[in-house]
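Before any comments, here is the structure.
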Amino acid sequence: MKKCYLDSNVLIYFKDDKSPQHKEALDKLIKLISLQSELYISPLVLDEFIYVIKHLLSLQKSKTVFTDLEKSLRDILDIPNIKLINPPIEPVKQLETVKYMRKYRLSARDAYHLLIILENKINFFFTFDNDFKSVFTDRIITSY
Amino acid sequence: MQQTDIEGFTQKLLPLTVLRRNAGMVFKRLSEIGEFIVTKDGKPIARLSSLKISKDVESISEKLKKLHKLAGGLKIKKHPNPKDITRILNNRHEKMLS
């Protein structure tokens, strides 16, 4: 069974049906669910999703920012097979993020995503972010 | 084959005489195990499957229907590319630090 971590950009494109990336996001989610895969997100993913959606809604001076935001959040939490996972709580494990930042030239945020993925023994990562290229090249996780 | 696989397989073997004499118990366990391989004189002769399997197939189609309902619907005019999303998130961090 595939275990796949979803990046916030996947969730944004899943909800933004006018985006050029929407079809790919939806098609790959269909494939994952058809294969009975387990989908994972973390509070860090949710934080990014909420911030970006709120930012985009605020730019257009929408009067229903929080209503739209709440609906979008409910929808992604309702995606079949999706589960919330957390980073490790051991202090020593937090140091791994710096190792990943140095080794793969990741931002602190992305290094934290990687820590969550590896600590939860997830083997696939679905993202539209090219910053993880060196991580995929090193084959510690597989790009979906 | 691993030890656990062998145990799982052995659990599924069901002699025909046991099926005849304990049909009630067999069908109760069938819903837990999923399927039995019916044997006669130690040889496999038939497969007895729970309808739960077809329910699972149905649930995938239900899940996909649900996924389609949940997709889209976000009323935004600007559609960021992946780099824009990273930029929005990085700017937030810079704002917090300044």
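By convention in this document, the chains of the structure tokens carry letters A, B, ... by their order, each chain's residues are numbered from 1, and ligands are numbered from 1 in the order they are shown.
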* To do: Compile the contact shell of region 79-82 of chain A as number ranges by chain: residues with an atom at most 12 Å away, counting only C-alpha atoms, same-chain residues fewer than 3 positions apart removed.
  => A: 1-6, 11, 14-15, 26, 29-30, 32-42, 72-76, 85; B: 59-71
For region 49-61 of chain A: contacts at 12 Å, only C-alpha atoms, fewer than 6 positions along chain excluded, given as a short mmCIF file (atom, residue, chain, number, x, y, z; two decimals) with C-alpha atoms, in the first residue's frame:
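Listed below is the output, part07.cif:
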```cif
data_model
loop_
_atom_site.label_atom_id
_atom_site.label_comp_id
_atom_site.auth_asym_id
_atom_site.auth_seq_id
_atom_site.Cartn_x
_atom_site.Cartn_y
_atom_site.Cartn_z
CA LEU A 6 0.60 15.76 0.12
CA ASP A 7 2.16 19.19 -0.15
CA SER A 8 0.07 22.32 0.40
CA ASN A 9 0.40 23.26 -3.31
CA VAL A 10 -1.38 20.00 -4.25
CA LEU A 11 -4.28 20.91 -1.96
CA ILE A 12 -4.40 24.48 -3.32
CA TYR A 13 -4.55 23.20 -6.93
CA PHE A 14 -7.13 20.59 -5.92
CA LYS A 15 -9.43 23.40 -4.78
CA ASP A 16 -8.51 25.89 -7.53
CA ILE A 41 -0.93 15.87 5.64
CA SER A 42 0.49 17.66 8.68
CA PRO A 43 -0.38 20.84 10.59
CA THR A 67 -16.36 31.55 5.09
CA ASP A 68 -14.54 30.51 1.90
CA LEU A 69 -11.46 29.58 3.89
CA GLU A 70 -13.44 27.39 6.28
CA LYS A 71 -15.20 25.62 3.41
CA SER A 72 -11.92 24.93 1.60
CA LEU A 73 -10.36 23.60 4.78
CA ARG A 74 -13.34 21.36 5.49
CA ILE A 76 -9.53 19.05 2.05
CA LEU A 77 -9.94 17.44 5.48
CA LEU B 74 -12.37 28.09 -4.70
CA LYS B 75 -13.30 31.57 -5.88
CA ILE B 76 -9.91 33.12 -6.54
CA LYS B 77 -9.04 35.36 -9.48
CA LYS B 78 -5.27 34.93 -9.35
CA HIS B 79 -3.98 31.41 -9.95
CA PRO B 80 -0.47 31.09 -8.54
CA ASN B 81 2.12 28.78 -10.06
CA PRO B 82 4.26 26.65 -7.69
CA ASP B 84 4.38 31.98 -6.59
CA ILE B 85 3.18 29.79 -3.72
CA THR B 86 6.74 29.39 -2.42
CA ARG B 87 7.23 33.17 -2.77
CA ILE B 88 4.04 33.91 -0.79
CA LEU B 89 5.19 31.59 1.99
CA ASN B 90 8.76 32.91 2.01
CA ASN B 91 7.51 36.52 2.15
CA ARG B 92 5.49 35.66 5.21
CA HIS B 93 8.60 34.42 6.98
#
```
* To do: Just the helix (DSSP H, G or I) stuff from region 40-140 of chain A, please, per backbone DSSP, written as a VMD selection string.
  => chain A and resid 43 to 59 65 to 77 91 to 94 96 to 104 108 to 119 130 to 137
* Expected answer as a PyMOL selection string: strand (DSSP E or B) residues in chain B -> chain B and resi 13-15+35-40+43-49
* Considering only C-alpha atoms, return as number ranges by chain whatever protein or nucleic-acid residues lie within 12 Å of region 96-107 of chain A, sequence-local ones (same chain, fewer than 6 positions apart) excluded. => A: 87-88, 90, 113-119, 129-140; B: 86-87, 89-90, 93
Keeping only N, CA and C atoms, write the selected residues to a file as a compact mmCIF listing (two decimals), in the first residue's frame.
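Here's the written file selection_27.txt:
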```
# COMPACT_ATOMS: atom_id res chain seq x y z
N PRO A 87 4.95 16.10 13.52
CA PRO A 87 6.40 15.94 13.56
C PRO A 87 6.78 15.14 14.80
N PRO A 88 8.01 14.62 14.85
CA PRO A 88 8.44 13.91 16.06
C PRO A 88 8.54 14.89 17.23
N GLU A 90 10.66 14.26 19.97
CA GLU A 90 11.95 14.16 20.66
C GLU A 90 12.84 15.35 20.27
N HIS A 113 9.14 19.53 6.54
CA HIS A 113 8.25 18.60 5.82
C HIS A 113 8.96 17.26 5.65
N LEU A 114 10.23 17.33 5.25
CA LEU A 114 10.99 16.10 5.02
C LEU A 114 11.13 15.29 6.32
N LEU A 115 11.38 15.99 7.42
CA LEU A 115 11.48 15.32 8.72
C LEU A 115 10.17 14.59 9.05
N ILE A 116 9.05 15.25 8.81
CA ILE A 116 7.74 14.65 9.10
C ILE A 116 7.54 13.41 8.22
N ILE A 117 7.89 13.53 6.94
CA ILE A 117 7.73 12.41 6.00
C ILE A 117 8.57 11.20 6.45
N LEU A 118 9.84 11.46 6.75
CA LEU A 118 10.74 10.35 7.09
C LEU A 118 10.40 9.74 8.45
N GLU A 119 10.07 10.56 9.41
CA GLU A 119 9.76 10.05 10.75
C GLU A 119 8.48 9.23 10.76
N ASP A 129 6.53 21.38 -6.07
CA ASP A 129 7.68 22.20 -5.69
C ASP A 129 8.98 21.55 -6.18
N ASN A 130 9.72 22.28 -7.02
CA ASN A 130 10.98 21.75 -7.55
C ASN A 130 12.13 21.76 -6.54
N ASP A 131 11.90 22.42 -5.41
CA ASP A 131 12.98 22.51 -4.41
C ASP A 131 13.36 21.16 -3.80
N PHE A 132 12.51 20.16 -4.01
CA PHE A 132 12.78 18.84 -3.45
C PHE A 132 13.52 17.91 -4.42
N LYS A 133 13.93 18.50 -5.55
CA LYS A 133 14.56 17.70 -6.61
C LYS A 133 15.74 16.85 -6.08
N SER A 134 16.62 17.50 -5.29
CA SER A 134 17.80 16.78 -4.80
C SER A 134 17.41 15.67 -3.82
N VAL A 135 16.30 15.85 -3.11
CA VAL A 135 15.82 14.81 -2.19
C VAL A 135 15.36 13.60 -2.99
N PHE A 136 14.65 13.86 -4.09
CA PHE A 136 14.17 12.75 -4.94
C PHE A 136 15.35 12.06 -5.64
N THR A 137 16.34 12.85 -6.04
CA THR A 137 17.52 12.28 -6.69
C THR A 137 18.25 11.33 -5.74
N ASP A 138 18.27 11.69 -4.46
CA ASP A 138 18.95 10.88 -3.45
C ASP A 138 18.14 9.64 -3.07
N ARG A 139 16.92 9.57 -3.57
CA ARG A 139 16.02 8.41 -3.40
C ARG A 139 15.67 8.07 -1.95
N ILE A 140 15.68 9.07 -1.10
CA ILE A 140 15.25 8.75 0.28
C ILE A 140 13.72 8.73 0.34
N THR B 86 5.52 29.37 -3.26
CA THR B 86 6.74 29.39 -2.42
C THR B 86 7.07 30.83 -2.04
N ARG B 87 6.92 31.76 -3.02
CA ARG B 87 7.23 33.17 -2.77
C ARG B 87 6.30 33.73 -1.68
N LEU B 89 4.82 32.16 0.69
CA LEU B 89 5.19 31.59 1.99
C LEU B 89 6.51 32.15 2.51
N ASN B 90 7.47 32.34 1.60
CA ASN B 90 8.76 32.91 2.01
C ASN B 90 8.60 34.36 2.48
N HIS B 93 7.51 34.61 6.02
CA HIS B 93 8.60 34.42 6.98
C HIS B 93 9.46 35.68 7.09
```
* Go through A:Asp110, A:Asp17, A:Asp47, A:Glu24 one by one, measure the shortest atom-to-atom distance of each to chain B using only C-alpha atoms, and give the residue with the smallest value. =>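 Smallest separation from chain B among the options: A:Asp17.
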Residues at most 8 Å from region 13-26 of chain B, counting only C-alpha atoms, excluding those fewer than 2 positions away in the same chain, as a CSV table (one decimal) with C-alpha atoms, in the first residue's frame?
```csv
chain,number,residue,atom,x,y,z
B,9,PHE,CA,-2.8,-19.0,4.3
B,10,THR,CA,-3.3,-22.0,6.7
B,11,GLN,CA,-6.0,-20.0,8.4
B,28,LYS,CA,-19.4,-15.8,10.8
B,29,ARG,CA,-15.6,-16.1,10.4
B,30,LEU,CA,-15.8,-15.5,6.6
B,36,PHE,CA,-11.7,-19.6,2.6
B,37,ILE,CA,-10.1,-22.2,0.3
B,38,VAL,CA,-12.3,-25.2,0.6
B,39,THR,CA,-10.4,-28.5,0.6
B,40,LYS,CA,-11.4,-32.1,0.1
B,41,ASP,CA,-9.0,-34.9,1.0
B,42,GLY,CA,-6.4,-32.1,1.6
```
* **Two-atom distance - CA of Glu48 (chain A), CA of Ser19 (chain A) (Å)** =>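 So the answer is 17.8 Å.
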* To do: Kindly give the distance, in Å, that separates CA of Lys18 (chain A) and CA of Phe126 (chain A), rounded to a single decimal.
  =>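 So the two atoms, CA of Lys18 (chain A) and CA of Phe126 (chain A), lie 19.9 Å apart.
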